[in-house]
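To start, the structure itself, in structure tokens.
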Amino acid sequence: MNSVRDRNESAWLLPAGPGINHRLRADMRHFDDEEEVDVVIIGCGAGGSTMAQRLARAGWSVVAMDAGPFWDPDKDWVSDEAGSHHLYWTEPRVIGGADPVPLGSNNSGRGVGGSMVHYAGYAPRFHPSDFRIHSADGVGTDWPIEYTDLKPYYTEIEEELPVSGQDWPWGDPHSYSYSPNPVSGNGDMFLRGALACGITAKVGPVAIANGRFGNRPHCIYRGFCLQGCKVNAKASPLITHIPDALAHGAEVRADSMVTRIEVDERTGKATGVHYNRRGSQRFQRARMVVVAGYSIETPRLLLNSASARFPDGLCNDFDLVGRYLMVQGAPQTAGRFDGEVRMYKAPPPEVSTEEFYETDPTKPYKRGFSIQTVSPLPITWAEHVAAQGHWGAGLRQYMSDYVHWSCLGALCEFLPLPENRVVLSSEKDRHGLPVAQFNYSQCDNDKALMRAAQSVMEDILQAAGADEVITIDRYAHLVGGARMGADEHSGVVDGDCRSFAVPNLYITDGSVLPTEGSANPALTIMAIAARAADRLTAGGAGSTADRLPVPVRRGATG
Amino acid sequence: MSRLPLDPSAGGGRFPGFDVMAQSKHWDEVTTSVVVSRLGMPPDIRFFRGTEEATASALCDQLLDQQKPPRVPVVNMVDARLADEQTDGWHYDGMAPDGQSWRDSLAALDEDAMAHSGCTFAEAPWEAQSAILQAVLDLGSKPWHGTPAARIWSLWTRYACTAFYSHPWAWDEIGFPGPAYPRGYKNLGVNEPGGKTNRLEPFEVADARPAQDPLRKGNS
Ligand SMILES: Cc1cc2nc3c(=O)[nH]c(=O)nc-3n(C[C@H](O)[C@H](O)[C@H](O)COP(=O)(O)OP(=O)(O)OC[C@H]3O[C@@H](n4cnc5c(N)ncnc54)[C@H](O)[C@@H]3O)c2cc1C
Ligand code: SF4
């Protein structure tokens with residue numbers, strides 16, 4: 001099991017060049033609603049797809065549902081900003097609190113592949129310090145697992161995506177199997193500015209191979225990563241994990257919105273899920289339920305699954321569901337150059353620095369931030385310019401200057417706070433279910449990090465020669481909301497992602513993160529899911545075999 | 001060169017001869033059909049009712065400074081999204097969903113215009129309209145007709161900018177080549193001024209007035 005292909009054949013199951021394996025989808029196995037499958041997975045994003053692939057490989061019968069479509073990148077995605085609106089989760093949500101966080105395009109996706117379909121593609125690891133911020137700094141909380149628990153899974157997933165980048169000096173130093181991609185105008189400006197300021201910056205880590213990977217083609221540097229990669233160069237579970245899951249007999253049931261998880265009042269175990277598929281209400285029986293619907297929909301589904309045993313929502317005995325949700329403060333600072341940067345060329349994710357990631361004892365705030373290239377396309381750039389108060393003639397004039405701008409983004413570690421949470425709104429969606437209300441208020445540490453990151457980005461751009469800099473405050477990367485903890489008073493699930501309240505209910509998406517670090521979360525979410533699957537199937541320490549019905553093993557049907 | 005009328009002193013004509021659509025034969029079919037549809041007849045108004053259409057048109061013309069034809073049909077594009085409920089998937093607590101917020105804010109603009117100029121917003125002279133809008137923007141997070149002004153402002157500008165900057169004529173104006181699949185880009189890096197480096201693709205056009213920094217007005 002040493003080579004990637006032996007563990008995950010996805011990249012070799014795709015056709016050479018762009019496109020999907022139509023045969024694999026046509027031959028996909030179908031399970032009956034009545035059949036009690038080993039596991040039903042809710043959500044085919046970062047966490048759900050990884051779980052589906054691992055469990056299908058282990059011989060489990062898997063039905064992986066997603067509320068959105070089973071994308072065909074060739075036909076369903078476009079090389080266009082406004083035309084990509086359908087990639088986002090646009091079912092209604094309400095935002096509140098002192099610092100409400102806009103959702104939609106910048107925050108969550110739908111359909112098979114999840115938010116990774118339109119994520120940028122940065123794939124950094126968390127630092128070892130992330131798992132112990134309470135012990136070290138007296139803020140946030142400690143994880144019930146350590147960096148070393150995740151480390152082997154980081155390596156595995158990095159190889160499976162795969163990730164390219166320079167040797168990584170920060171956190172736990174490591175290297176990547178693919179060399180870094182060439183750098184475009186925006187990355188070049190970052191490198192120049194960082195060098196002039198004496199800040200170390202590195203190319204990567206990006207889930208776009210510099211070269212071919214299996215049958216997946218080389219990146220064509222077209223810059224539309226946030227609109228879904230039509231080329232199959234940028235990793236998303238749609239191409240990195242789903243093909244292998246299908247080849248091992250999993251069913252992906254798209255267009256299926258799970259509305260409620262059913263729990264047997266007598267046994268206390270989950271028995272399956274109610275879902276709405278193209279207008280008909282159905283119920284899939286399962287021995288085990290895995291929730292992976294993203295940090296908003298996961299808590300919402302648990303809250304909407306209240307019952308006599310769980311009057312305040314499933315797994316919510318201790319009022320933890322929906323709480324401690326976090327976003328990263330993601331201010332973007334742009335600089336103006338007389339040269340033409342043309343930041344729309346090449347993938348937006350290029351260069352990063354994690355030099356400011358750790359707590360600096362000389363600073364008045366705890367924890368830190370990372371800085372990366374972001375390269376907004378015209379519509380997003382117009383939002384950036386409009387946020388400075390420009391409109392009408394001023395806006396048009398600023399926009400005519402687009403090719404001269406370079407843009408950096410920071411990721412500031414916001415602390416987990418109990419009142420930052422998802423609750424159910426009185427508003428209903430088209431299925432008649434209460435929609436999620438997401439409340440957010442920043443603490444002083446959060447605000448201090450935003451300003452500190454902004455000033456470093458301004459320094460870098462000015463050192464590169466920018467004569468003007470402008471900043472917009474944005475927020476990205478929601479995690480938490482059903483966090484893992486040492487016990488049921490501190491978390492909804494344990495370190496293996498198993499819920500404390502229902503023995504055969506797992507949560508394996510970004511919701512389980514107790515803190516968020518200053519790293520983009522997708523790689524960590526996948527590593528956590530891969531570890532949870534390993535613990536489930538290998539029956540290692542903490543094996544659930546004694547507590548769970550042993551899955552009926554069926555030979556792989558690939 | 002963009003078909004949109006924009007004075008050189010206001011950023012017009014910076015990319016002489018640049019024509020996004022001339023490259024459309026190099027795009028994939030799905031993307032092409034999406035982009036080409038924006039150049040066809042604008043979709044009929046379905047969402048805005050009665051005088052709302054006039055108010056919304058005047059507002060959109062102001063926000064993107066479209067004083068004379070040909071125009072990007074921003075109001076039709078905004079209307080189509082609202083009619084289809086193609087929202088961004090969220091709205092503020094205590095504020096109506098996008099469609100209703102558009103209606104409420106258009107009515108509020110007419111009220112302001114009545115007080116300011118004694119006519120509807122659409123009937124008010126261009127300068128009066130601009131003054132009314134600037135006053136809304138200047139309120140910042142303070143309430144305007146019961147809602148924090150900045151939230152209404154962001155609602156308007158998000159919809160209007162998304163429509164305008166999705167149009168190939170706007171791309172011509174800012175030097176952005178639009179779709180890039182399956183062709184991609186081959187010449188990456190900073191295109192230094194004065195021809196020191198050439199990092200343009202054959203179909204890209206260099207900015208004719210690279211020193212026309214918005215902050216250094218009149219410097220071109
Ligand atoms: C614009 C953007 C850029 C980003 N850039 C990066 C980046 O560079 N690097 C990085 O690491 N991360 C990035 N992210 C974040 C990253 O994509 C997410 O953190 C990650 O995908 C979350 O994984 P998840 O498993 O929690 O949920 P998702 O990947 O969102 O998957 C959840 C899935 O569940 C489905 N679902 C939800 N509810 C239900 C239900 N009730 N029934 C059935 N299905 C349901 C949804 O349709 C969705 O497909 C970015 C995100 C965005 C939006
Ligand atoms: S830039 Fe490369 S990775 Fe990004 S969408 Fe284009 S081909 Fe895919």
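Identifiers in the structure tokens: chain A, B, ... in order shown; residue index from 1 per chain; ligand index from 1 in order shown.
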
Set the cut-off to 7 Å and count only C-alpha atoms: what are the residues of chain A that reach chain B? Output as a PDB file with C-alpha atoms, in the first residue's frame.
ATOM      1  CA  LYS A  75     -21.069  20.727 -19.193  1.00  0.00           C
ATOM      2  CA  VAL A  78     -18.147  27.789 -17.066  1.00  0.00           C
ATOM      3  CA  SER A  79     -15.031  29.863 -17.343  1.00  0.00           C
ATOM      4  CA  ASP A  80     -16.958  32.891 -16.110  1.00  0.00           C
ATOM      5  CA  ALA A  82     -21.222  35.496 -12.787  1.00  0.00           C
ATOM      6  CA  GLY A  83     -22.090  32.269 -14.597  1.00  0.00           C
ATOM      7  CA  TRP A  89     -25.111  27.136  -1.506  1.00  0.00           C
ATOM      8  CA  THR A  90     -27.836  29.730  -2.095  1.00  0.00           C
ATOM      9  CA  GLU A  91     -30.712  28.276  -0.107  1.00  0.00           C
ATOM     10  CA  PRO A  92     -31.738  30.975   2.369  1.00  0.00           C
ATOM     11  CA  ARG A  93     -29.801  31.677   5.561  1.00  0.00           C
ATOM     12  CA  VAL A  94     -30.031  34.557   8.011  1.00  0.00           C
ATOM     13  CA  ILE A  95     -26.958  36.318   9.423  1.00  0.00           C
ATOM     14  CA  GLY A  96     -26.835  38.268  12.671  1.00  0.00           C
ATOM     15  CA  PRO A 102     -21.982  37.172   4.638  1.00  0.00           C
ATOM     16  CA  LEU A 103     -22.269  33.640   3.251  1.00  0.00           C
ATOM     17  CA  GLY A 104     -22.960  32.534  -0.320  1.00  0.00           C
ATOM     18  CA  SER A 105     -20.177  32.738  -2.847  1.00  0.00           C
ATOM     19  CA  SER A 184       2.530  34.831 -12.091  1.00  0.00           C
ATOM     20  CA  GLY A 185       2.480  38.622 -11.657  1.00  0.00           C
ATOM     21  CA  ASP A 188       5.911  37.741  -8.090  1.00  0.00           C
ATOM     22  CA  ILE A 220      -3.431  25.783 -17.947  1.00  0.00           C
ATOM     23  CA  TYR A 221      -3.078  28.858 -15.686  1.00  0.00           C
ATOM     24  CA  ARG A 222      -6.474  30.207 -16.656  1.00  0.00           C
ATOM     25  CA  ASP A 338       2.700  51.059 -12.772  1.00  0.00           C
ATOM     26  CA  GLY A 339       3.585  47.644 -14.184  1.00  0.00           C
ATOM     27  CA  GLU A 340       0.754  45.354 -15.272  1.00  0.00           C
ATOM     28  CA  VAL A 341       0.208  42.597 -12.734  1.00  0.00           C
ATOM     29  CA  LYS A 345      -3.653  35.049 -14.969  1.00  0.00           C
ATOM     30  CA  PRO A 378     -13.437  41.673 -12.005  1.00  0.00           C
ATOM     31  CA  ILE A 379     -16.727  41.207 -10.136  1.00  0.00           C
ATOM     32  CA  ALA A 382     -15.428  45.648  -8.085  1.00  0.00           C
ATOM     33  CA  GLU A 383     -16.742  44.668  -4.660  1.00  0.00           C
ATOM     34  CA  TRP A 391     -19.254  54.458  -7.064  1.00  0.00           C
ATOM     35  CA  GLY A 392     -20.385  55.904 -10.350  1.00  0.00           C
ATOM     36  CA  ALA A 393     -17.588  57.615 -12.276  1.00  0.00           C
ATOM     37  CA  ARG A 396     -15.449  53.004 -13.390  1.00  0.00           C
ATOM     38  CA  GLN A 397     -12.163  54.888 -13.266  1.00  0.00           C
ATOM     39  CA  TYR A 398     -10.745  52.668 -10.534  1.00  0.00           C
ATOM     40  CA  MET A 399     -11.895  49.572 -12.386  1.00  0.00           C
ATOM     41  CA  SER A 400     -10.234  50.691 -15.635  1.00  0.00           C
ATOM     42  CA  ASP A 401      -7.003  50.368 -13.643  1.00  0.00           C
ATOM     43  CA  TYR A 402      -7.602  46.662 -12.819  1.00  0.00           C
ATOM     44  CA  VAL A 403      -4.523  45.287 -14.600  1.00  0.00           C
TER      45      VAL A 403
END

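Taking the backbone of this structure through DSSP, the residues of range 98-194 of chain B that come out as strand (DSSP E or B) are Pro143, Trp144, Thr147, Pro148, Pro182 and Asn191 of chain B.
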
(request) Residues up to 6 Å from ligand 2, counting only C-alpha atoms and all ligand atoms: could you list those as a PyMOL selection string? (result) chain A and resi 208+219-225+229+231+233-234+346-347

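Remark: for Ala46 in chain A, the closest of the candidate residues A:Ala209, A:Ala529, A:Leu150, A:Ile133 is A:Ala529 (distances computed over only C-alpha atoms).
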
(message) One decimal, in Å: what's the spacing between CA of Gly313 in chain A and CA of His477 in chain A?
(response) 24.7 Å

Residues up to 7 Å from ligand 1, counting only C-alpha atoms and all ligand atoms: could you list those as a PDB file with N, CA and C atoms, in the first residue's frame?
ATOM      1  N   ILE A  42     -23.945  12.071   4.811  1.00  0.00           N
ATOM      2  CA  ILE A  42     -24.697  13.263   4.425  1.00  0.00           C
ATOM      3  C   ILE A  42     -23.729  14.357   4.008  1.00  0.00           C
ATOM      4  N   GLY A  43     -23.636  14.582   2.710  1.00  0.00           N
ATOM      5  CA  GLY A  43     -22.730  15.609   2.195  1.00  0.00           C
ATOM      6  C   GLY A  43     -21.510  15.001   1.536  1.00  0.00           C
ATOM      7  N   CYS A  44     -21.264  15.362   0.283  1.00  0.00           N
ATOM      8  CA  CYS A  44     -20.112  14.833  -0.460  1.00  0.00           C
ATOM      9  C   CYS A  44     -19.060  15.906  -0.667  1.00  0.00           C
ATOM     10  N   GLY A  45     -18.740  16.640   0.390  1.00  0.00           N
ATOM     11  CA  GLY A  45     -17.677  17.635   0.306  1.00  0.00           C
ATOM     12  C   GLY A  45     -16.372  17.062   0.810  1.00  0.00           C
ATOM     13  N   ALA A  46     -15.545  17.940   1.403  1.00  0.00           N
ATOM     14  CA  ALA A  46     -14.215  17.546   1.854  1.00  0.00           C
ATOM     15  C   ALA A  46     -14.282  16.335   2.786  1.00  0.00           C
ATOM     16  N   GLY A  47     -15.057  16.468   3.863  1.00  0.00           N
ATOM     17  CA  GLY A  47     -15.101  15.406   4.864  1.00  0.00           C
ATOM     18  C   GLY A  47     -15.902  14.195   4.408  1.00  0.00           C
ATOM     19  N   GLY A  48     -17.048  14.417   3.792  1.00  0.00           N
ATOM     20  CA  GLY A  48     -17.944  13.318   3.406  1.00  0.00           C
ATOM     21  C   GLY A  48     -17.349  12.429   2.328  1.00  0.00           C
ATOM     22  N   MET A  65     -24.988  10.918   0.193  1.00  0.00           N
ATOM     23  CA  MET A  65     -25.998  11.826  -0.372  1.00  0.00           C
ATOM     24  C   MET A  65     -25.468  13.239  -0.447  1.00  0.00           C
ATOM     25  N   ASP A  66     -25.922  13.958  -1.447  1.00  0.00           N
ATOM     26  CA  ASP A  66     -25.630  15.385  -1.475  1.00  0.00           C
ATOM     27  C   ASP A  66     -26.852  16.139  -1.956  1.00  0.00           C
ATOM     28  N   ALA A  67     -27.079  17.291  -1.332  1.00  0.00           N
ATOM     29  CA  ALA A  67     -28.236  18.105  -1.678  1.00  0.00           C
ATOM     30  C   ALA A  67     -28.120  18.660  -3.094  1.00  0.00           C
ATOM     31  N   GLY A  68     -26.902  18.815  -3.569  1.00  0.00           N
ATOM     32  CA  GLY A  68     -26.683  19.405  -4.889  1.00  0.00           C
ATOM     33  C   GLY A  68     -26.432  18.359  -5.959  1.00  0.00           C
ATOM     34  N   TRP A  89     -23.918  27.481  -2.269  1.00  0.00           N
ATOM     35  CA  TRP A  89     -25.111  27.136  -1.506  1.00  0.00           C
ATOM     36  C   TRP A  89     -25.939  28.414  -1.406  1.00  0.00           C
ATOM     37  N   SER A 105     -21.320  33.055  -1.987  1.00  0.00           N
ATOM     38  CA  SER A 105     -20.177  32.738  -2.847  1.00  0.00           C
ATOM     39  C   SER A 105     -18.868  32.607  -2.081  1.00  0.00           C
ATOM     40  N   ASN A 106     -18.678  33.426  -1.081  1.00  0.00           N
ATOM     41  CA  ASN A 106     -17.377  33.371  -0.429  1.00  0.00           C
ATOM     42  C   ASN A 106     -17.309  32.278   0.633  1.00  0.00           C
ATOM     43  N   ASN A 107     -18.425  31.607   0.898  1.00  0.00           N
ATOM     44  CA  ASN A 107     -18.338  30.706   2.030  1.00  0.00           C
ATOM     45  C   ASN A 107     -18.861  29.295   1.918  1.00  0.00           C
ATOM     46  N   SER A 108     -19.763  28.990   1.014  1.00  0.00           N
ATOM     47  CA  SER A 108     -20.066  27.568   1.002  1.00  0.00           C
ATOM     48  C   SER A 108     -20.670  27.076  -0.295  1.00  0.00           C
ATOM     49  N   GLY A 109     -20.374  25.833  -0.578  1.00  0.00           N
ATOM     50  CA  GLY A 109     -20.735  25.253  -1.860  1.00  0.00           C
ATOM     51  C   GLY A 109     -21.781  24.160  -1.736  1.00  0.00           C
ATOM     52  N   ARG A 110     -22.125  23.584  -2.860  1.00  0.00           N
ATOM     53  CA  ARG A 110     -23.110  22.509  -2.887  1.00  0.00           C
ATOM     54  C   ARG A 110     -22.741  21.552  -4.003  1.00  0.00           C
ATOM     55  N   GLY A 111     -23.329  20.372  -3.930  1.00  0.00           N
ATOM     56  CA  GLY A 111     -23.081  19.405  -4.981  1.00  0.00           C
ATOM     57  C   GLY A 111     -21.873  18.549  -4.659  1.00  0.00           C
ATOM     58  N   VAL A 112     -21.713  17.474  -5.438  1.00  0.00           N
ATOM     59  CA  VAL A 112     -20.663  16.506  -5.165  1.00  0.00           C
ATOM     60  C   VAL A 112     -19.294  17.178  -5.363  1.00  0.00           C
ATOM     61  N   GLY A 113     -18.492  17.121  -4.301  1.00  0.00           N
ATOM     62  CA  GLY A 113     -17.225  17.871  -4.274  1.00  0.00           C
ATOM     63  C   GLY A 113     -17.295  18.961  -3.210  1.00  0.00           C
ATOM     64  N   GLY A 114     -18.521  19.382  -2.880  1.00  0.00           N
ATOM     65  CA  GLY A 114     -18.738  20.350  -1.800  1.00  0.00           C
ATOM     66  C   GLY A 114     -18.085  21.688  -2.090  1.00  0.00           C
ATOM     67  N   SER A 115     -17.687  22.363  -1.031  1.00  0.00           N
ATOM     68  CA  SER A 115     -17.091  23.699  -1.201  1.00  0.00           C
ATOM     69  C   SER A 115     -15.739  23.623  -1.882  1.00  0.00           C
ATOM     70  N   MET A 116     -15.136  22.440  -1.949  1.00  0.00           N
ATOM     71  CA  MET A 116     -13.831  22.338  -2.608  1.00  0.00           C
ATOM     72  C   MET A 116     -13.939  22.462  -4.118  1.00  0.00           C
ATOM     73  N   HIS A 118     -15.214  24.978  -5.532  1.00  0.00           N
ATOM     74  CA  HIS A 118     -14.841  26.360  -5.826  1.00  0.00           C
ATOM     75  C   HIS A 118     -13.916  26.952  -4.770  1.00  0.00           C
ATOM     76  N   TYR A 119     -13.249  26.101  -3.997  1.00  0.00           N
ATOM     77  CA  TYR A 119     -12.234  26.661  -3.089  1.00  0.00           C
ATOM     78  C   TYR A 119     -11.038  27.082  -3.936  1.00  0.00           C
ATOM     79  N   ALA A 120     -10.145  27.869  -3.299  1.00  0.00           N
ATOM     80  CA  ALA A 120      -9.008  28.356  -4.075  1.00  0.00           C
ATOM     81  C   ALA A 120      -8.025  27.228  -4.366  1.00  0.00           C
ATOM     82  N   GLY A 121      -7.770  26.397  -3.368  1.00  0.00           N
ATOM     83  CA  GLY A 121      -6.838  25.293  -3.590  1.00  0.00           C
ATOM     84  C   GLY A 121      -5.622  25.302  -2.671  1.00  0.00           C
ATOM     85  N   TYR A 122      -5.567  26.246  -1.731  1.00  0.00           N
ATOM     86  CA  TYR A 122      -4.482  26.205  -0.750  1.00  0.00           C
ATOM     87  C   TYR A 122      -4.664  24.979   0.128  1.00  0.00           C
ATOM     88  N   ALA A 123      -3.579  24.286   0.414  1.00  0.00           N
ATOM     89  CA  ALA A 123      -3.687  23.068   1.207  1.00  0.00           C
ATOM     90  C   ALA A 123      -2.601  22.994   2.287  1.00  0.00           C
ATOM     91  N   LEU A 226     -11.704  29.528  -8.574  1.00  0.00           N
ATOM     92  CA  LEU A 226     -12.849  29.734  -7.688  1.00  0.00           C
ATOM     93  C   LEU A 226     -14.185  29.539  -8.411  1.00  0.00           C
ATOM     94  N   SER A 256     -30.223  15.065  -3.295  1.00  0.00           N
ATOM     95  CA  SER A 256     -30.925  14.458  -2.156  1.00  0.00           C
ATOM     96  C   SER A 256     -30.631  15.258  -0.893  1.00  0.00           C
ATOM     97  N   MET A 257     -31.617  16.019  -0.472  1.00  0.00           N
ATOM     98  CA  MET A 257     -31.442  16.887   0.687  1.00  0.00           C
ATOM     99  C   MET A 257     -31.926  16.157   1.932  1.00  0.00           C
ATOM    100  N   VAL A 258     -31.017  15.842   2.837  1.00  0.00           N
ATOM    101  CA  VAL A 258     -31.412  15.156   4.065  1.00  0.00           C
ATOM    102  C   VAL A 258     -32.105  16.166   4.982  1.00  0.00           C
ATOM    103  N   THR A 259     -33.298  15.795   5.450  1.00  0.00           N
ATOM    104  CA  THR A 259     -34.095  16.732   6.233  1.00  0.00           C
ATOM    105  C   THR A 259     -34.123  16.361   7.714  1.00  0.00           C
ATOM    106  N   ALA A 292     -21.778  15.252   7.270  1.00  0.00           N
ATOM    107  CA  ALA A 292     -20.663  16.043   6.734  1.00  0.00           C
ATOM    108  C   ALA A 292     -21.212  17.124   5.810  1.00  0.00           C
ATOM    109  N   GLY A 293     -22.075  17.957   6.361  1.00  0.00           N
ATOM    110  CA  GLY A 293     -22.814  18.934   5.541  1.00  0.00           C
ATOM    111  C   GLY A 293     -22.304  20.359   5.619  1.00  0.00           C
ATOM    112  N   TYR A 294     -21.133  20.576   6.200  1.00  0.00           N
ATOM    113  CA  TYR A 294     -20.547  21.906   6.355  1.00  0.00           C
ATOM    114  C   TYR A 294     -20.998  22.510   7.680  1.00  0.00           C
ATOM    115  N   SER A 295     -20.204  23.457   8.163  1.00  0.00           N
ATOM    116  CA  SER A 295     -20.392  24.035   9.500  1.00  0.00           C
ATOM    117  C   SER A 295     -21.734  24.723   9.744  1.00  0.00           C
ATOM    118  N   GLU A 297     -24.812  23.730   7.744  1.00  0.00           N
ATOM    119  CA  GLU A 297     -25.881  22.749   7.525  1.00  0.00           C
ATOM    120  C   GLU A 297     -25.783  21.582   8.504  1.00  0.00           C
ATOM    121  N   THR A 298     -24.606  21.241   8.969  1.00  0.00           N
ATOM    122  CA  THR A 298     -24.493  20.147   9.938  1.00  0.00           C
ATOM    123  C   THR A 298     -25.209  20.493  11.253  1.00  0.00           C
ATOM    124  N   LEU A 301     -28.990  20.628  10.633  1.00  0.00           N
ATOM    125  CA  LEU A 301     -29.636  19.324  10.509  1.00  0.00           C
ATOM    126  C   LEU A 301     -29.806  18.670  11.884  1.00  0.00           C
ATOM    127  N   PRO A 349      -4.256  30.888  -5.914  1.00  0.00           N
ATOM    128  CA  PRO A 349      -3.370  30.442  -4.842  1.00  0.00           C
ATOM    129  C   PRO A 349      -1.970  30.235  -5.382  1.00  0.00           C
ATOM    130  N   ALA A 476     -13.680  34.303   5.888  1.00  0.00           N
ATOM    131  CA  ALA A 476     -13.741  33.083   5.085  1.00  0.00           C
ATOM    132  C   ALA A 476     -13.566  31.859   5.968  1.00  0.00           C
ATOM    133  N   HIS A 477     -13.883  30.715   5.395  1.00  0.00           N
ATOM    134  CA  HIS A 477     -13.553  29.433   6.014  1.00  0.00           C
ATOM    135  C   HIS A 477     -14.265  29.195   7.339  1.00  0.00           C
ATOM    136  N   LEU A 478     -15.514  28.867   7.278  1.00  0.00           N
ATOM    137  CA  LEU A 478     -16.249  28.530   8.496  1.00  0.00           C
ATOM    138  C   LEU A 478     -15.863  27.139   8.976  1.00  0.00           C
ATOM    139  N   VAL A 479     -15.553  27.021  10.243  1.00  0.00           N
ATOM    140  CA  VAL A 479     -15.366  25.708  10.860  1.00  0.00           C
ATOM    141  C   VAL A 479     -15.944  25.735  12.274  1.00  0.00           C
ATOM    142  N   ASP A 509     -16.874  16.552   9.197  1.00  0.00           N
ATOM    143  CA  ASP A 509     -16.602  17.686   8.315  1.00  0.00           C
ATOM    144  C   ASP A 509     -15.941  18.787   9.136  1.00  0.00           C
ATOM    145  N   GLY A 510     -15.907  19.995   8.585  1.00  0.00           N
ATOM    146  CA  GLY A 510     -15.249  21.091   9.279  1.00  0.00           C
ATOM    147  C   GLY A 510     -15.899  21.446  10.604  1.00  0.00           C
ATOM    148  N   SER A 511     -17.124  20.995  10.826  1.00  0.00           N
ATOM    149  CA  SER A 511     -17.820  21.323  12.074  1.00  0.00           C
ATOM    150  C   SER A 511     -17.078  20.859  13.314  1.00  0.00           C
ATOM    151  N   ASN A 520      -5.812  27.381   5.830  1.00  0.00           N
ATOM    152  CA  ASN A 520      -7.066  27.036   5.146  1.00  0.00           C
ATOM    153  C   ASN A 520      -7.433  25.617   5.575  1.00  0.00           C
ATOM    154  N   PRO A 521      -8.714  25.347   5.770  1.00  0.00           N
ATOM    155  CA  PRO A 521      -9.073  24.130   6.513  1.00  0.00           C
ATOM    156  C   PRO A 521      -9.229  22.819   5.734  1.00  0.00           C
ATOM    157  N   ALA A 522      -9.349  22.851   4.413  1.00  0.00           N
ATOM    158  CA  ALA A 522      -9.794  21.650   3.699  1.00  0.00           C
ATOM    159  C   ALA A 522      -8.892  20.436   3.930  1.00  0.00           C
ATOM    160  N   LEU A 523      -7.584  20.637   3.876  1.00  0.00           N
ATOM    161  CA  LEU A 523      -6.668  19.508   4.056  1.00  0.00           C
ATOM    162  C   LEU A 523      -6.869  18.888   5.440  1.00  0.00           C
ATOM    163  N   ILE A 525      -9.552  19.010   7.301  1.00  0.00           N
ATOM    164  CA  ILE A 525     -10.854  18.327   7.347  1.00  0.00           C
ATOM    165  C   ILE A 525     -10.728  16.933   6.727  1.00  0.00           C
TER     166      ILE A 525
END

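The coordinates place CA of Thr141 in chain A at 10.5 Å from CA of Ala486 in chain A.
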
(request) Could you give me, as a PyMOL selection string, each residue of range 89-177 of chain B that DSSP assigns to helix (DSSP H, G or I) when run on this structure's backbone? (result) chain B and resi 98-117+126-138+149-164+168-174
